[in-house]
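Undergrad: The structure is given below, and queries will be raised subsequently.
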Amino acid sequence: MGGRQATTARPAGACFVMVPSGREIVIPPGGCTGWHFHRVRLEAVVLAGTLTRVLHDRTVEVHTAGTTFVEPAGIRHIHLGHNLGTEPVVLHVTPELPDGIPFSIPAPAPPGVTPEICEEHTY
């Protein structure tokens, strides 16, 4: 079969990473996403900043740059995200949803939430 295969030389020490398709979300300093849920399970990587999430049961989770988390699908998993820091929070979230499908669905705050959690998104 006399065919030849061409190869491309890679620079020494080069690192190649496949990034799954998805969406980049930026939350400015002091920003809050508001209470919401997702129709599908999401996987997120914090690329920059520190994200503080408040879950439906008022549990607080803090995610720094380089960490990952999963948001389960469904209305039972209402949550919000805060950027309490001084630099933007940048997230890469998968999966990428088809055009016309909302990324998140706004929801009322869970029972017992007080204004201290996110004053503009309590009710």
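Identifiers in the structure tokens: chain A, B, ... in order shown; residue index from 1 per chain; ligand index from 1 in order shown.
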Within 8 Å of region 38-53 of chain A, counting only C-alpha atoms, which residues show up once you throw out same-chain ones fewer than 3 positions away? Write them as a ChimeraX atom specification, please.

TA: /A:60-75,79-85,87-95,103-105

Undergrad: Near His56 (chain A), within 9 Å and counting only C-alpha atoms, which residues show up once chain neighbours fewer than 2 positions away are dropped, as a list of chain:residue names?

TA: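 So the residues in contact are A:Trp35, A:Val54, A:Arg58, A:Thr59, A:Arg76, A:His77, A:Ile78, A:His79, A:Leu80, A:Ala109, A:Pro110, A:Pro111.
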
Undergrad: What does the file look like for those residues with N, CA, C and O atoms, as a compact mmCIF listing (two decimals), in the first residue's frame?

TA:
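Output saved as part_30.txt:
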```txt
# COMPACT_ATOMS: atom_id res chain seq x y z
N TRP A 35 -32.18 33.64 41.76
CA TRP A 35 -32.59 32.25 41.97
C TRP A 35 -33.03 31.66 40.63
O TRP A 35 -33.77 32.28 39.88
N VAL A 54 -25.49 29.56 46.68
CA VAL A 54 -26.44 29.27 47.74
C VAL A 54 -27.45 28.30 47.14
O VAL A 54 -28.09 28.59 46.12
N ARG A 58 -30.33 26.35 51.49
CA ARG A 58 -29.55 27.43 52.08
C ARG A 58 -28.11 27.03 52.40
O ARG A 58 -27.39 27.75 53.06
N THR A 59 -27.68 25.86 51.92
CA THR A 59 -26.27 25.47 52.03
C THR A 59 -25.46 26.42 51.15
O THR A 59 -25.89 26.77 50.06
N ARG A 76 -36.24 21.16 41.85
CA ARG A 76 -35.85 20.86 43.23
C ARG A 76 -34.43 21.33 43.54
O ARG A 76 -33.97 21.21 44.66
N HIS A 77 -33.75 21.83 42.52
CA HIS A 77 -32.36 22.26 42.69
C HIS A 77 -32.19 23.75 42.39
O HIS A 77 -31.26 24.16 41.71
N ILE A 78 -33.10 24.56 42.94
CA ILE A 78 -33.01 26.01 42.81
C ILE A 78 -31.74 26.48 43.53
O ILE A 78 -31.40 25.98 44.59
N HIS A 79 -31.06 27.46 42.94
CA HIS A 79 -29.83 27.98 43.53
C HIS A 79 -29.56 29.37 42.96
O HIS A 79 -30.23 29.80 42.03
N LEU A 80 -28.58 30.04 43.55
CA LEU A 80 -28.10 31.30 42.97
C LEU A 80 -26.60 31.35 43.15
O LEU A 80 -26.02 30.64 43.97
N ALA A 109 -37.41 32.58 45.36
CA ALA A 109 -36.51 32.14 46.42
C ALA A 109 -37.16 31.02 47.22
O ALA A 109 -38.37 31.01 47.42
N PRO A 110 -36.36 30.07 47.69
CA PRO A 110 -36.90 29.00 48.54
C PRO A 110 -37.43 29.57 49.86
O PRO A 110 -37.00 30.64 50.29
N PRO A 111 -38.33 28.85 50.53
CA PRO A 111 -38.84 29.31 51.82
C PRO A 111 -37.71 29.52 52.82
O PRO A 111 -36.75 28.76 52.85
```

Undergrad: So how far away is CA of Arg23 (chain A) from CA of Val113 (chain A), in Å?

TA: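 Computed distance, CA of Val113 (chain A) to CA of Arg23 (chain A), equals 28.8 Å.
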